[in-house]
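To be precise, the following lines are coords_14.cif, and they hold mmCIF, C-alpha atoms.
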```cif
data_structure
loop_
_atom_site.label_atom_id
_atom_site.label_comp_id
_atom_site.auth_asym_id
_atom_site.auth_seq_id
_atom_site.Cartn_x
_atom_site.Cartn_y
_atom_site.Cartn_z
CA MET A 6 54.74 131.49 104.11
CA SER A 7 54.23 127.82 103.66
CA SER A 8 57.09 125.64 102.54
CA ALA A 9 54.81 122.79 101.51
CA ALA A 10 55.50 121.51 98.02
CA ALA A 11 52.78 121.56 95.42
CA ALA A 12 51.02 118.25 95.03
CA VAL A 13 52.12 116.32 91.96
CA SER A 14 49.45 114.39 90.15
CA LEU A 15 48.72 112.75 86.84
CA PRO A 16 46.76 114.72 84.26
CA THR A 17 43.19 113.95 83.27
CA GLY A 18 41.23 114.55 80.10
CA PHE A 19 42.90 116.16 77.14
CA SER A 20 45.61 117.66 79.36
CA VAL A 21 47.28 114.24 78.96
CA LEU A 22 48.20 115.37 75.45
CA SER A 23 49.60 118.70 76.59
CA THR A 24 51.63 117.87 79.71
CA PHE A 25 55.15 116.55 79.80
CA PRO A 26 56.10 113.64 80.08
CA ASP A 27 52.63 112.31 79.26
CA LEU A 28 52.85 113.98 75.87
CA LEU A 29 55.40 111.26 75.05
CA PHE A 30 52.54 108.75 74.74
CA ILE A 31 52.12 109.97 71.15
CA PRO A 32 55.65 109.14 69.90
CA GLU A 33 55.51 105.90 71.92
CA PHE A 34 52.43 104.92 69.90
CA VAL A 35 53.94 105.98 66.59
CA PHE A 36 57.37 104.37 67.02
CA GLY A 37 56.01 101.27 68.74
CA GLY A 38 53.32 100.82 66.11
CA LEU A 39 55.88 101.15 63.33
CA VAL A 40 58.08 98.49 64.94
CA TRP A 41 55.06 96.21 65.22
CA ILE A 42 54.06 96.77 61.58
CA LEU A 43 57.57 96.47 60.16
CA VAL A 44 58.45 93.26 62.00
CA ALA A 45 55.06 91.73 61.24
CA SER A 46 55.37 92.53 57.53
CA THR A 47 58.73 90.84 56.99
CA ARG A 48 59.83 87.24 56.80
CA VAL A 49 60.76 86.21 60.32
CA ALA A 50 64.26 84.78 60.00
CA SER A 51 64.86 84.38 63.74
CA PRO A 52 61.58 83.41 65.43
CA LEU A 53 62.99 83.54 68.94
CA LEU A 54 64.55 86.99 68.53
CA GLN A 55 61.82 88.61 66.49
CA GLY A 56 59.11 86.90 68.54
CA TRP A 57 60.34 88.85 71.56
CA VAL A 58 60.34 92.06 69.49
CA MET A 59 56.72 91.41 68.50
CA PHE A 60 55.74 90.62 72.10
CA VAL A 61 57.35 93.83 73.37
CA SER A 62 55.81 96.04 70.69
CA VAL A 63 52.30 94.60 71.17
CA PHE A 64 52.59 94.58 74.98
CA CYS A 65 53.81 98.18 75.19
CA PHE A 66 51.31 99.41 72.58
CA THR A 67 48.45 97.75 74.48
CA PHE A 68 49.47 98.94 77.93
CA SER A 69 50.28 102.46 76.77
CA THR A 70 46.82 102.62 75.20
CA LEU A 71 45.25 101.33 78.41
CA LEU A 72 47.14 103.81 80.60
CA MET A 73 46.34 106.73 78.33
CA CYS A 74 42.64 105.81 78.27
CA LEU A 75 42.63 105.55 82.07
CA TYR A 76 44.31 108.96 82.31
CA PHE A 77 41.80 110.46 79.86
CA CYS A 78 38.82 109.31 81.92
CA GLY A 79 40.51 110.24 85.22
CA ALA A 80 40.39 106.72 86.65
CA HIS A 81 43.45 107.45 88.77
CA GLY A 82 41.49 109.98 90.82
CA GLY A 83 44.68 111.96 91.50
CA LYS A 84 45.97 109.30 93.89
CA SER A 85 49.72 108.83 94.29
CA PRO A 86 49.81 105.03 93.79
CA TRP A 87 49.02 105.69 90.12
CA ILE A 88 52.16 107.80 89.87
CA ALA A 89 54.12 104.77 91.06
CA VAL A 90 52.32 102.55 88.52
CA ASP A 91 53.22 105.03 85.76
CA ALA A 92 56.89 105.09 86.81
CA PHE A 93 57.05 101.30 87.12
CA TYR A 94 55.40 100.68 83.76
CA HIS A 95 57.68 103.08 81.89
CA SER A 96 60.75 101.59 83.58
CA VAL A 97 59.73 98.09 82.49
CA ALA A 98 58.79 99.28 78.99
CA ALA A 99 62.15 101.04 78.56
CA LEU A 100 64.02 97.89 79.58
CA PHE A 101 61.85 95.71 77.33
CA TYR A 102 62.29 97.99 74.34
CA LEU A 103 66.04 98.20 74.83
CA SER A 104 66.27 94.41 74.74
CA ALA A 105 63.92 94.24 71.74
CA ALA A 106 65.92 96.85 69.81
CA VAL A 107 69.18 95.00 70.42
CA LEU A 108 67.62 91.67 69.40
CA GLN A 109 66.10 93.20 66.26
CA ALA A 110 69.50 94.66 65.36
CA THR A 111 71.06 91.24 65.88
CA ALA A 112 68.47 89.60 63.61
CA THR A 113 69.02 92.31 60.99
CA ILE A 114 72.78 91.87 61.02
CA GLY A 115 72.26 88.12 60.61
CA ALA A 116 69.96 88.70 57.63
CA GLN A 117 72.44 90.98 55.88
CA SER A 118 74.19 88.11 54.10
CA ASN A 119 70.87 86.90 52.67
CA SER A 120 70.02 90.22 50.97
CA ASP A 121 71.34 89.31 47.50
CA ASN A 122 68.17 89.54 45.40
CA ALA A 123 65.72 92.45 45.24
CA SER A 124 62.97 90.93 47.41
CA GLN A 125 65.42 89.93 50.14
CA PHE A 126 66.98 93.40 50.02
CA LYS A 127 63.52 94.97 50.55
CA ILE A 128 63.00 92.78 53.64
CA TYR A 129 66.48 93.77 54.85
CA GLN A 130 65.58 97.45 54.46
CA GLU A 131 62.36 96.91 56.42
CA ASP A 132 64.39 95.22 59.16
CA ILE A 133 66.74 98.21 59.27
CA ALA A 134 63.74 100.54 59.61
CA ALA A 135 62.40 98.35 62.43
CA VAL A 136 65.75 98.66 64.23
CA VAL A 137 65.75 102.46 63.88
CA PHE A 138 62.18 102.78 65.17
CA ALA A 139 62.84 100.30 67.99
CA PHE A 140 65.73 102.44 69.21
CA LEU A 141 63.61 105.60 68.85
CA ALA A 142 60.86 103.91 70.89
CA THR A 143 63.49 102.94 73.46
CA LEU A 144 64.70 106.53 73.69
CA THR A 145 61.13 107.80 74.08
CA TYR A 146 60.35 105.30 76.84
CA VAL A 147 63.63 106.09 78.63
CA ILE A 148 62.85 109.83 78.62
CA HIS A 149 59.30 109.14 79.80
CA LYS A 150 60.67 106.83 82.48
CA GLY A 151 63.11 109.44 83.75
CA PHE A 152 60.48 112.13 84.11
CA SER A 153 57.95 109.67 85.56
CA LEU A 154 60.50 108.69 88.21
CA LEU A 155 61.09 112.36 89.01
CA ARG A 156 57.32 112.87 89.32
CA TRP A 157 57.08 109.80 91.57
CA LYS A 158 59.96 111.01 93.76
CA SER A 159 58.34 114.40 94.25
CA SER A 160 54.87 112.98 95.02
#
```

Target encoding structure tokens, full file:
Amino acid sequence: MSSAAAAVSLPTGFSVLSTFPDLLFIPEFVFGGLVWILVASTRVASPLLQGWVMFVSVFCFTFSTLLMCLYFCGAHGGKSPWIAVDAFYHSVAALFYLSAAVLQATATIGAQSNSDNASQFKIYQEDIAAVVFAFLATLTYVIHKGFSLLRWKSS
């Protein structure tokens, strides 16, 4: 009997959408896209804070799309350095989204006092939704990061 461990590799083709943790690309797109849309559709009260939130949402959306397309076409060729790239990217994305979610929450708390009339209250509600989706995106990236690190460790 051989005690050699099974080789761990990244999925290719449509198996990207059926294997865990790569299945988490879908909620990353949804939550990240909603953060992007919600922050972009409101009045930016704190350009420095919400500028970072926009950068993170666009950056992560773009790189997640790029990684998923590369996985679909099998560009990684089953090589282990791609597993390290996957783990590194999701670690950075989780850290970025955590900082963006906290900054968006800070901007939303600061805008609470300005939500007296109906139009300002609508913007405040959109900011609250952006905070919720930013934290959901953070959670999704953290889970993906954890399982990507486990995959990298066992490769």

Which residues of stretch 13-54 of chain A come within 10 Å of stretch 122-144 of chain A, and what is each one's closest atom pair and distance in Å (one decimal), counting all atoms listed in the file, sorted by chain and residue number, as a tab-separated table?
```
residue	atom	partner	partner_atom	distance
A:Pro32	CA	A:Ala142	CA	7.4
A:Glu33	CA	A:Ala142	CA	5.8
A:Phe34	CA	A:Ala142	CA	8.5
A:Val35	CA	A:Ala142	CA	8.4
A:Phe36	CA	A:Ala142	CA	5.2
A:Gly37	CA	A:Ala142	CA	5.9
A:Gly38	CA	A:Phe138	CA	9.1
A:Leu39	CA	A:Phe138	CA	6.8
A:Val40	CA	A:Ala135	CA	5.0
A:Trp41	CA	A:Ala135	CA	8.1
A:Ile42	CA	A:Ala135	CA	8.5
A:Leu43	CA	A:Ala135	CA	5.7
A:Val44	CA	A:Ala135	CA	6.5
A:Ala45	CA	A:Ala135	CA	10.0
A:Ser46	CA	A:Glu131	CA	8.3
A:Thr47	CA	A:Ile128	CA	5.8
A:Arg48	CA	A:Ile128	CA	7.1
A:Val49	CA	A:Ile128	CA	9.6
```

Determine the residue membership of the PyMOL selection byres ((chain A and resi 105-111) around 6) for the file above and supply it as a PDB file with C-alpha atoms, in the frame of the given file.
```pdb
ATOM      1  CA  LEU A  54      64.550  86.990  68.530  1.00  0.00           C
ATOM      2  CA  VAL A  58      60.340  92.060  69.490  1.00  0.00           C
ATOM      3  CA  TYR A 102      62.290  97.990  74.340  1.00  0.00           C
ATOM      4  CA  LEU A 103      66.040  98.200  74.830  1.00  0.00           C
ATOM      5  CA  SER A 104      66.270  94.410  74.740  1.00  0.00           C
ATOM      6  CA  ALA A 112      68.470  89.600  63.610  1.00  0.00           C
ATOM      7  CA  THR A 113      69.020  92.310  60.990  1.00  0.00           C
ATOM      8  CA  ILE A 114      72.780  91.870  61.020  1.00  0.00           C
ATOM      9  CA  VAL A 136      65.750  98.660  64.230  1.00  0.00           C
ATOM     10  CA  ALA A 139      62.840 100.300  67.990  1.00  0.00           C
ATOM     11  CA  PHE A 140      65.730 102.440  69.210  1.00  0.00           C
TER      12      PHE A 140
END
```

Between atom CA of A:Ala89 and atom CA of A:Leu155, distance in Å (one decimal) = 10.5 Å

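Atom pair atom CA of A:Arg156 / atom CA of A:Ile88 has a distance of 7.3 Å (rounded to one decimal).
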
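For stretch 77-83 of chain A, the residues within 7 Å (counting only C-alpha atoms, excluding itself and residues fewer than 3 positions away along the chain) are A:Ser14, A:Leu15, A:Thr17, A:Gly18, A:Phe19, A:Val21, A:Met73, A:Cys74, A:Trp87.
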
Enclosing box along x, y and z for every listed atom of stretch 20-26 of chain A, padded 3 Å each side, centre and size in Å, one decimal, as lines of an AutoDock Vina configuration file:
```
center_x = 50.9
center_y = 116.2
center_z = 77.8
size_x = 16.5
size_y = 11.1
size_z = 10.6
```

Distance table requested - stretch 42-157 of chain A against stretch 24-31 of chain A, cut-off 9 Å, all atoms listed in the file: one row per qualifying residue with the closest atom pair and its distance in Å to one decimal, ordered by chain and rising residue number, as JSON lines.
```
{"residue": "A:Ser69", "atom": "CA", "partner": "A:Phe30", "partner_atom": "CA", "distance": 7.0}
{"residue": "A:Thr70", "atom": "CA", "partner": "A:Phe30", "partner_atom": "CA", "distance": 8.4}
{"residue": "A:Met73", "atom": "CA", "partner": "A:Phe30", "partner_atom": "CA", "distance": 7.4}
{"residue": "A:Thr145", "atom": "CA", "partner": "A:Leu29", "partner_atom": "CA", "distance": 6.8}
{"residue": "A:Tyr146", "atom": "CA", "partner": "A:Leu29", "partner_atom": "CA", "distance": 8.0}
{"residue": "A:Ile148", "atom": "CA", "partner": "A:Pro26", "partner_atom": "CA", "distance": 7.9}
{"residue": "A:His149", "atom": "CA", "partner": "A:Pro26", "partner_atom": "CA", "distance": 5.5}
{"residue": "A:Lys150", "atom": "CA", "partner": "A:Pro26", "partner_atom": "CA", "distance": 8.5}
{"residue": "A:Gly151", "atom": "CA", "partner": "A:Pro26", "partner_atom": "CA", "distance": 9.0}
{"residue": "A:Phe152", "atom": "CA", "partner": "A:Pro26", "partner_atom": "CA", "distance": 6.1}
{"residue": "A:Ser153", "atom": "CA", "partner": "A:Pro26", "partner_atom": "CA", "distance": 7.0}
```

Interatomic distance, atom CA of A:Leu154 to atom CA of A:Phe68 (Å, one decimal) =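 Between atom CA of A:Leu154 and atom CA of A:Phe68 the gap works out to 18.0 Å.
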